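Asks: Structure provided below as structure tokens; questions to follow.
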Amino acid sequence: MAGALVAVLLAAMVVTFTGGDPEPSAAGPGVRVASGDVAPEAAEAAMAEEPSESPSASPTVKPSPRPSLNATQLIAGLRSTVVGLAQNGQLTSKAAQELTKRLREAAEKQAAGEEDKAREKLAEFGEKVADLRKENKISEAGYQTLAAGLAQLVRVLPSR
């Protein structure tokens, strides 16, 4: 499972870093209701009710759009995650220092407009995360969290 995730993560990085345009995911968030979530009495009562004579005019509330995060914000979020993983014992202290260094350098390059160098630092970060998992210096959950964050970051980076 971890190997497959690394392959997907590296593929996403290659597509982004080489200027490829990834296709948006067709899958969206969904809501699942288990069959045991509704009491049978409540379901029967709802079906037995007659419709009201005048429909209620309840306002339709549209969900507010989620603000999109930029690369700088996502890098900062990854740095906070690394610190949290180290504090929770899911990542060694030395590994956390190495990862935060790479993220700090990526943020500096991003801020300076050096996109290619920022990509290089993020690629180093991804490789280091994969190596740490192989060496068992990061928990599986911590690895999954950082891989997901990096994948999100790769999607917002400007393509070449």
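Lettering and numbering for the structure tokens are positional, with chains as A, B, ... in the shown order, residues counted from 1 in each chain, and ligands counted from 1 in the shown order.
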With a distance cut-off of 10 Å and only C-alpha atoms, select the neighbouring residues of range 106-113 of chain A, excluding the residue or stretch itself and same-chain residues fewer than 3 positions from it, and output the selection as a JSON list (two decimals) with N, CA, C and O atoms, in the first residue's frame.
Replies:
[["chain", "number", "residue", "atom", "x", "y", "z"],
["A", 71, "ALA", "N", 0.16, 27.97, -2.71],
["A", 71, "ALA", "CA", 1.31, 27.12, -2.41],
["A", 71, "ALA", "C", 1.99, 27.53, -1.09],
["A", 71, "ALA", "O", 2.36, 26.66, -0.29],
["A", 72, "THR", "N", 2.12, 28.81, -0.86],
["A", 72, "THR", "CA", 2.78, 29.28, 0.36],
["A", 72, "THR", "C", 2.01, 28.84, 1.60],
["A", 72, "THR", "O", 2.61, 28.39, 2.58],
["A", 73, "GLN", "N", 0.68, 28.92, 1.56],
["A", 73, "GLN", "CA", -0.14, 28.49, 2.69],
["A", 73, "GLN", "C", -0.05, 26.98, 2.90],
["A", 73, "GLN", "O", 0.01, 26.50, 4.03],
["A", 74, "LEU", "N", -0.03, 26.23, 1.81],
["A", 74, "LEU", "CA", 0.06, 24.77, 1.93],
["A", 74, "LEU", "C", 1.42, 24.34, 2.46],
["A", 74, "LEU", "O", 1.51, 23.39, 3.24],
["A", 75, "ILE", "N", 2.47, 25.03, 2.06],
["A", 75, "ILE", "CA", 3.81, 24.72, 2.59],
["A", 75, "ILE", "C", 3.83, 24.98, 4.09],
["A", 75, "ILE", "O", 4.34, 24.17, 4.87],
["A", 76, "ALA", "N", 3.25, 26.11, 4.50],
["A", 76, "ALA", "CA", 3.19, 26.43, 5.93],
["A", 76, "ALA", "C", 2.39, 25.36, 6.68],
["A", 76, "ALA", "O", 2.76, 24.96, 7.79],
["A", 100, "THR", "N", 11.47, 20.08, 7.79],
["A", 100, "THR", "CA", 11.12, 21.51, 7.89],
["A", 100, "THR", "C", 12.15, 22.37, 7.16],
["A", 100, "THR", "O", 11.80, 23.41, 6.59],
["A", 101, "LYS", "N", 13.40, 21.94, 7.14],
["A", 101, "LYS", "CA", 14.44, 22.68, 6.40],
["A", 101, "LYS", "C", 14.09, 22.70, 4.91],
["A", 101, "LYS", "O", 14.13, 23.76, 4.27],
["A", 102, "ARG", "N", 13.72, 21.56, 4.37],
["A", 102, "ARG", "CA", 13.37, 21.50, 2.94],
["A", 102, "ARG", "C", 12.13, 22.34, 2.64],
["A", 102, "ARG", "O", 12.06, 23.02, 1.61],
["A", 103, "LEU", "N", 11.17, 22.28, 3.53],
["A", 103, "LEU", "CA", 9.95, 23.09, 3.33],
["A", 103, "LEU", "C", 10.25, 24.58, 3.45],
["A", 103, "LEU", "O", 9.70, 25.39, 2.69],
["A", 116, "ASP", "N", 11.06, 26.80, -10.27],
["A", 116, "ASP", "CA", 11.77, 25.55, -10.53],
["A", 116, "ASP", "C", 12.55, 25.08, -9.31],
["A", 116, "ASP", "O", 12.55, 23.89, -8.98],
["A", 117, "LYS", "N", 13.18, 26.01, -8.63],
["A", 117, "LYS", "CA", 13.95, 25.63, -7.44],
["A", 117, "LYS", "C", 13.03, 25.24, -6.29],
["A", 117, "LYS", "O", 13.36, 24.36, -5.51],
["A", 118, "ALA", "N", 11.87, 25.88, -6.21],
["A", 118, "ALA", "CA", 10.89, 25.50, -5.20],
["A", 118, "ALA", "C", 10.41, 24.08, -5.47],
["A", 118, "ALA", "O", 10.29, 23.26, -4.54],
["A", 119, "ARG", "N", 10.17, 23.75, -6.74],
["A", 119, "ARG", "CA", 9.77, 22.39, -7.11],
["A", 119, "ARG", "C", 10.84, 21.38, -6.73],
["A", 119, "ARG", "O", 10.53, 20.28, -6.26],
["A", 120, "GLU", "N", 12.09, 21.73, -6.95],
["A", 120, "GLU", "CA", 13.20, 20.83, -6.60],
["A", 120, "GLU", "C", 13.19, 20.53, -5.10],
["A", 120, "GLU", "O", 13.36, 19.38, -4.68],
["A", 121, "LYS", "N", 13.00, 21.56, -4.30],
["A", 121, "LYS", "CA", 12.98, 21.37, -2.84],
["A", 121, "LYS", "C", 11.79, 20.52, -2.41],
["A", 121, "LYS", "O", 11.90, 19.70, -1.51],
["A", 122, "LEU", "N", 10.66, 20.70, -3.08],
["A", 122, "LEU", "CA", 9.49, 19.90, -2.75],
["A", 122, "LEU", "C", 9.68, 18.45, -3.19],
["A", 122, "LEU", "O", 9.23, 17.53, -2.51],
["A", 123, "ALA", "N", 10.37, 18.25, -4.30],
["A", 123, "ALA", "CA", 10.68, 16.89, -4.73],
["A", 123, "ALA", "C", 11.61, 16.22, -3.71],
["A", 123, "ALA", "O", 11.42, 15.05, -3.36],
["A", 124, "GLU", "N", 12.59, 16.98, -3.21],
["A", 124, "GLU", "CA", 13.47, 16.46, -2.16],
["A", 124, "GLU", "C", 12.67, 16.10, -0.91],
["A", 124, "GLU", "O", 12.92, 15.08, -0.27],
["A", 125, "PHE", "N", 11.71, 16.96, -0.58],
["A", 125, "PHE", "CA", 10.85, 16.70, 0.57],
["A", 125, "PHE", "C", 10.10, 15.38, 0.39],
["A", 125, "PHE", "O", 10.08, 14.53, 1.28],
["A", 157, "LEU", "N", 0.54, 24.12, -7.53],
["A", 157, "LEU", "CA", 1.74, 24.76, -8.07],
["A", 157, "LEU", "C", 1.52, 25.16, -9.52],
["A", 157, "LEU", "O", 0.93, 24.39, -10.29]]
Asks: In Å to one decimal, how far is CA of Thr145 in chain A from CA of Thr81 in chain A?
Replies: 8.2 Å
Asks: Under the rule that only C-alpha atoms are counted, which of A:Ser80, A:Ser159, A:Ser68, A:Ser139 is the nearest residue to Thr92 in chain A?
Replies: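 Closest candidate: A:Ser139.
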Asks: Tell me which of A:Gln90, A:Arg104, A:Leu69, A:Leu78 sits closest to Leu132 in chain A, counting only C-alpha atoms.
Replies: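 When distances to Leu132 in chain A are compared using only C-alpha atoms, the smallest one comes from A:Gln90.
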Asks: What's the 8 Å shell around Leu150 in chain A, counting only C-alpha atoms, without same-chain residues fewer than 4 positions away, as a PyMOL selection string?
Replies: chain A and resi 9+78+126+146+154
Asks: Could you work out how far CA of Val156 in chain A lies from CA of Ala96 in chain A, giving the answer in Å with one decimal?
Replies: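 CA of Ala96 in chain A sits 23.8 Å away from CA of Val156 in chain A.
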